[in-house]
Amino acid sequence: MATPKQEQALKRMLKLTNALISRNDSIPFREPVDWRGLELWDYPKIVKKMMDLGTVKRKLERGVYQTHQEAAADIRLIWENCQLYNEEESDFFYLSKQFSKKFEDRYRKVLAEFGDSMEDVPASFNSTTDSSKKQAAGAMAMDKKSKFSEKLFRLNGMELGHVIQTIESKCPEALEDIPSPTPQVEINVDALPSPVFKELEAYLQEKVPNKKKRKLN
């Protein structure tokens with residue numbers, strides 16, 4: 001049985017999964033691959049364990065997962081299956097790479113919020129041989145990004161608004177709108193230029209310790 005902490009983490013995973021499903025370009029990953037209808041007769045021979053976002057969503061809603069790590073493993077399996085079956089030059093392969101990066105960016109926030117180790121992020125995602133990692137050469141260290149994300153969750157509405165306004169004015173590409181009944185904005189920490197990251201890091205350092213002191217009084 002999942003602990004109260006894991007139950008909260010699993011709720012975050014359901015929210016994350018719904019955000020991925022709501023994207024217009026997630027259609028190939030929403031439901032099981034119709035390999036019979038598409039006449040992909042070799043698909044079940046190559047992909048041994050099929051997975052899709054709709055299945056993950058249903059398993060989360062039914063309480064099948066006991067930990068957020070189990071849910072994350074199934075979500076990663078979706079991208080791995082796509083990359084296993086499709087050619088590296090194909091649109092599907094590229095799309096799965098993009099979704100994998102988006103997922104890991106958001107999953108880091110779950111790890112930061114619930115105090116889990118960044119070891120849960122697969123080594124393949126952080127590998128220096130990965131093309132996306134090459135593009136991010138010289139970016140901030142993973143532990144700094146984790147601490148940055150963790151501090152964001154401790155800000156009040158006004159303080160978080162200041163962070164979003166700063167990003168919107170200096171690097172709007174780091175903000176991503178998530179279509180849902182209640183519109184949301186995600187901050188892609190990896191997309192923050194070094195000067196902006198340092199400016200916001202200093203702002204968070206100023207605000208977060210004050211909140212800790214007030215709690216101790």
# chains A, B, ... in the order shown; residues from 1 in each chain; ligands from 1
$ residues_around --residues "stretch 94-104 of chain A" --least-positions-apart "6" --cutoff "7 Å" --atoms "only C-alpha atoms" --output "ChimeraX atom specification"
/A:79,82-83
$ write_last_selection --atoms "N, CA, C and O atoms" --output "PDB file, in the first residue's frame"
ATOM      1  N   TRP A  79       8.654   5.953 -24.518  1.00  0.00           N
ATOM      2  CA  TRP A  79       9.647   6.563 -25.415  1.00  0.00           C
ATOM      3  C   TRP A  79      10.649   5.508 -25.885  1.00  0.00           C
ATOM      4  O   TRP A  79      11.067   5.518 -27.054  1.00  0.00           O
ATOM      5  N   CYS A  82       9.202   3.397 -28.682  1.00  0.00           N
ATOM      6  CA  CYS A  82       9.134   4.163 -29.926  1.00  0.00           C
ATOM      7  C   CYS A  82      10.495   4.229 -30.591  1.00  0.00           C
ATOM      8  O   CYS A  82      10.620   4.050 -31.807  1.00  0.00           O
ATOM      9  N   GLN A  83      11.531   4.469 -29.794  1.00  0.00           N
ATOM     10  CA  GLN A  83      12.878   4.578 -30.337  1.00  0.00           C
ATOM     11  C   GLN A  83      13.425   3.221 -30.755  1.00  0.00           C
ATOM     12  O   GLN A  83      14.250   3.127 -31.662  1.00  0.00           O
TER      13      GLN A  83
END
$ select_by_dssp --residues "stretch 50-86 of chain A" --states "helix (DSSP H, G or I)" --output "list in words"
Leu53, Gly54, Thr55, Val56, Lys57, Arg58, Lys59, Leu60, Glu61, His68, Gln69, Glu70, Ala71, Ala72, Ala73, Asp74, Ile75, Arg76, Leu77, Ile78, Trp79, Glu80, Asn81, Cys82, Gln83, Leu84 and Tyr85 of chain A
$ closest_residue --among "A:Lys109, A:Lys207, A:Trp35, A:Asn156" --to "A:Val189" --atoms "only C-alpha atoms"
A:Lys109
$ residues_around --residues "A:Leu200" --least-positions-apart "4" --cutoff "7 Å" --atoms "only C-alpha atoms" --output "list in words"
Val163, Val196 and Leu204 of chain A
$ write_last_selection --atoms "N, CA and C atoms" --output "PDB file, in the first residue's frame"
ATOM      1  N   VAL A 163       8.997  35.718 -10.505  1.00  0.00           N
ATOM      2  CA  VAL A 163       9.877  34.817 -11.254  1.00  0.00           C
ATOM      3  C   VAL A 163       9.370  34.659 -12.687  1.00  0.00           C
ATOM      4  N   VAL A 196      20.208  34.623 -16.521  1.00  0.00           N
ATOM      5  CA  VAL A 196      18.860  34.655 -15.948  1.00  0.00           C
ATOM      6  C   VAL A 196      18.758  33.646 -14.811  1.00  0.00           C
ATOM      7  N   LEU A 204      15.730  33.505  -5.297  1.00  0.00           N
ATOM      8  CA  LEU A 204      15.212  32.381  -4.522  1.00  0.00           C
ATOM      9  C   LEU A 204      15.980  32.219  -3.210  1.00  0.00           C
TER      10      LEU A 204
END
$ residues_around --residues "A:Pro172" --least-positions-apart "5" --cutoff "12 Å" --atoms "only C-alpha atoms" --output "JSON, numbers by chain"
{"A": [163, 164, 165, 166, 167, 177, 185, 186, 187, 188, 189, 191, 192, 193, 196]}
$ closest_residue --among "A:Thr67, A:Thr17, A:Asn81, A:Gln6" --to "A:Arg106" --atoms "only C-alpha atoms"
A:Thr17
$ atom_distance --atom1 "atom CA of A:Tyr65" --atom2 "atom CA of A:Lys48"
20.3 Å
$ atom_distance --atom1 "atom CA of A:Phe29" --atom2 "atom CA of A:Thr3"
29.5 Å
$ atom_distance --atom1 "atom CA of A:Arg30" --atom2 "atom CA of A:Leu53"
4.9 Å
$ residues_around --residues "A:Arg12" --least-positions-apart "3" --cutoff "10 Å" --atoms "only C-alpha atoms" --output "PyMOL selection string"
chain A and resi 6-9+15-18+68+106-107+109-110+113
$ write_last_selection --atoms "N, CA and C atoms" --output "JSON list (two decimals), in the first residue's frame"
[["chain", "number", "residue", "atom", "x", "y", "z"],
["A", 6, "GLN", "N", 3.80, 8.94, -0.86],
["A", 6, "GLN", "CA", 3.77, 8.39, -2.21],
["A", 6, "GLN", "C", 2.44, 8.67, -2.89],
["A", 7, "GLU", "N", 1.35, 8.67, -2.12],
["A", 7, "GLU", "CA", 0.05, 8.99, -2.70],
["A", 7, "GLU", "C", 0.04, 10.40, -3.29],
["A", 8, "GLN", "N", 0.65, 11.34, -2.56],
["A", 8, "GLN", "CA", 0.75, 12.70, -3.07],
["A", 8, "GLN", "C", 1.63, 12.76, -4.32],
["A", 9, "ALA", "N", 2.72, 11.99, -4.29],
["A", 9, "ALA", "CA", 3.62, 11.95, -5.45],
["A", 9, "ALA", "C", 2.90, 11.34, -6.66],
["A", 15, "LYS", "N", -1.13, 14.20, -12.70],
["A", 15, "LYS", "CA", -1.20, 15.55, -13.27],
["A", 15, "LYS", "C", -0.19, 15.70, -14.40],
["A", 16, "LEU", "N", 1.00, 15.17, -14.21],
["A", 16, "LEU", "CA", 2.05, 15.24, -15.23],
["A", 16, "LEU", "C", 1.61, 14.46, -16.48],
["A", 17, "THR", "N", 1.05, 13.27, -16.26],
["A", 17, "THR", "CA", 0.60, 12.43, -17.38],
["A", 17, "THR", "C", -0.51, 13.12, -18.16],
["A", 18, "ASN", "N", -1.47, 13.73, -17.44],
["A", 18, "ASN", "CA", -2.55, 14.45, -18.11],
["A", 18, "ASN", "C", -2.01, 15.62, -18.93],
["A", 68, "HIS", "N", 5.90, 6.49, -7.25],
["A", 68, "HIS", "CA", 6.01, 7.31, -8.47],
["A", 68, "HIS", "C", 7.09, 6.77, -9.39],
["A", 106, "ARG", "N", 9.98, 17.69, -16.10],
["A", 106, "ARG", "CA", 8.88, 17.82, -15.14],
["A", 106, "ARG", "C", 9.01, 16.81, -14.00],
["A", 107, "TYR", "N", 9.55, 15.63, -14.32],
["A", 107, "TYR", "CA", 9.71, 14.61, -13.27],
["A", 107, "TYR", "C", 10.75, 15.06, -12.24],
["A", 109, "LYS", "N", 10.96, 17.90, -11.06],
["A", 109, "LYS", "CA", 10.24, 18.74, -10.10],
["A", 109, "LYS", "C", 9.51, 17.87, -9.08],
["A", 110, "VAL", "N", 9.01, 16.71, -9.50],
["A", 110, "VAL", "CA", 8.39, 15.77, -8.57],
["A", 110, "VAL", "C", 9.44, 15.27, -7.58],
["A", 113, "GLU", "N", 10.28, 18.08, -5.17],
["A", 113, "GLU", "CA", 9.20, 18.38, -4.22],
["A", 113, "GLU", "C", 9.11, 17.33, -3.13]]
$ residues_around --residues "A:Leu84" --least-positions-apart "4" --cutoff "9 Å" --atoms "only C-alpha atoms" --output "PyMOL selection string"
chain A and resi 46-47+79-80+88+93
$ decode --residues "stretch 189-209 of chain A" --atoms "N, CA and C atoms" --output "mmCIF file, in the first residue's frame"
data_model
loop_
_atom_site.group_PDB
_atom_site.id
_atom_site.type_symbol
_atom_site.label_atom_id
_atom_site.label_comp_id
_atom_site.auth_asym_id
_atom_site.auth_seq_id
_atom_site.Cartn_x
_atom_site.Cartn_y
_atom_site.Cartn_z
ATOM 1 N N VAL A 189 13.528 24.754 -16.714
ATOM 2 C CA VAL A 189 14.781 25.235 -16.126
ATOM 3 C C VAL A 189 15.940 25.089 -17.095
ATOM 4 N N ASP A 190 15.917 24.012 -17.898
ATOM 5 C CA ASP A 190 17.012 23.775 -18.842
ATOM 6 C C ASP A 190 17.125 24.867 -19.892
ATOM 7 N N ALA A 191 16.017 25.568 -20.157
ATOM 8 C CA ALA A 191 16.011 26.599 -21.203
ATOM 9 C C ALA A 191 16.427 27.972 -20.685
ATOM 10 N N LEU A 192 16.685 28.084 -19.383
ATOM 11 C CA LEU A 192 17.072 29.379 -18.819
ATOM 12 C C LEU A 192 18.533 29.691 -19.150
ATOM 13 N N PRO A 193 18.819 30.827 -19.752
ATOM 14 C CA PRO A 193 20.213 31.226 -19.990
ATOM 15 C C PRO A 193 20.926 31.400 -18.650
ATOM 16 N N SER A 194 22.213 31.201 -18.643
ATOM 17 C CA SER A 194 22.991 31.267 -17.412
ATOM 18 C C SER A 194 22.788 32.572 -16.629
ATOM 19 N N PRO A 195 22.801 33.754 -17.265
ATOM 20 C CA PRO A 195 22.618 34.999 -16.502
ATOM 21 C C PRO A 195 21.251 35.074 -15.821
ATOM 22 N N VAL A 196 20.208 34.623 -16.521
ATOM 23 C CA VAL A 196 18.860 34.655 -15.948
ATOM 24 C C VAL A 196 18.758 33.646 -14.811
ATOM 25 N N PHE A 197 19.345 32.472 -15.016
ATOM 26 C CA PHE A 197 19.330 31.450 -13.968
ATOM 27 C C PHE A 197 19.981 31.982 -12.694
ATOM 28 N N LYS A 198 21.128 32.630 -12.842
ATOM 29 C CA LYS A 198 21.847 33.149 -11.680
ATOM 30 C C LYS A 198 21.067 34.264 -10.985
ATOM 31 N N GLU A 199 20.417 35.111 -11.776
ATOM 32 C CA GLU A 199 19.609 36.190 -11.201
ATOM 33 C C GLU A 199 18.462 35.617 -10.373
ATOM 34 N N LEU A 200 17.768 34.630 -10.940
ATOM 35 C CA LEU A 200 16.639 34.026 -10.237
ATOM 36 C C LEU A 200 17.098 33.173 -9.065
ATOM 37 N N GLU A 201 18.254 32.549 -9.219
ATOM 38 C CA GLU A 201 18.808 31.749 -8.129
ATOM 39 C C GLU A 201 19.084 32.626 -6.916
ATOM 40 N N ALA A 202 19.615 33.825 -7.155
ATOM 41 C CA ALA A 202 19.876 34.774 -6.069
ATOM 42 C C ALA A 202 18.567 35.231 -5.428
ATOM 43 N N TYR A 203 17.542 35.437 -6.256
ATOM 44 C CA TYR A 203 16.233 35.854 -5.744
ATOM 45 C C TYR A 203 15.637 34.754 -4.851
ATOM 46 N N LEU A 204 15.730 33.505 -5.297
ATOM 47 C CA LEU A 204 15.212 32.381 -4.522
ATOM 48 C C LEU A 204 15.980 32.219 -3.210
ATOM 49 N N GLN A 205 17.291 32.410 -3.275
ATOM 50 C CA GLN A 205 18.130 32.297 -2.087
ATOM 51 C C GLN A 205 17.723 33.350 -1.054
ATOM 52 N N GLU A 206 17.305 34.511 -1.539
ATOM 53 C CA GLU A 206 16.874 35.594 -0.649
ATOM 54 C C GLU A 206 15.526 35.285 -0.008
ATOM 55 N N LYS A 207 14.611 34.679 -0.775
ATOM 56 C CA LYS A 207 13.251 34.471 -0.294
ATOM 57 C C LYS A 207 13.081 33.210 0.542
ATOM 58 N N VAL A 208 13.661 32.112 0.104
ATOM 59 C CA VAL A 208 13.420 30.831 0.763
ATOM 60 C C VAL A 208 13.931 30.769 2.202
ATOM 61 N N PRO A 209 15.163 31.235 2.501
ATOM 62 C CA PRO A 209 15.619 31.180 3.899
ATOM 63 C C PRO A 209 14.714 31.961 4.846
#
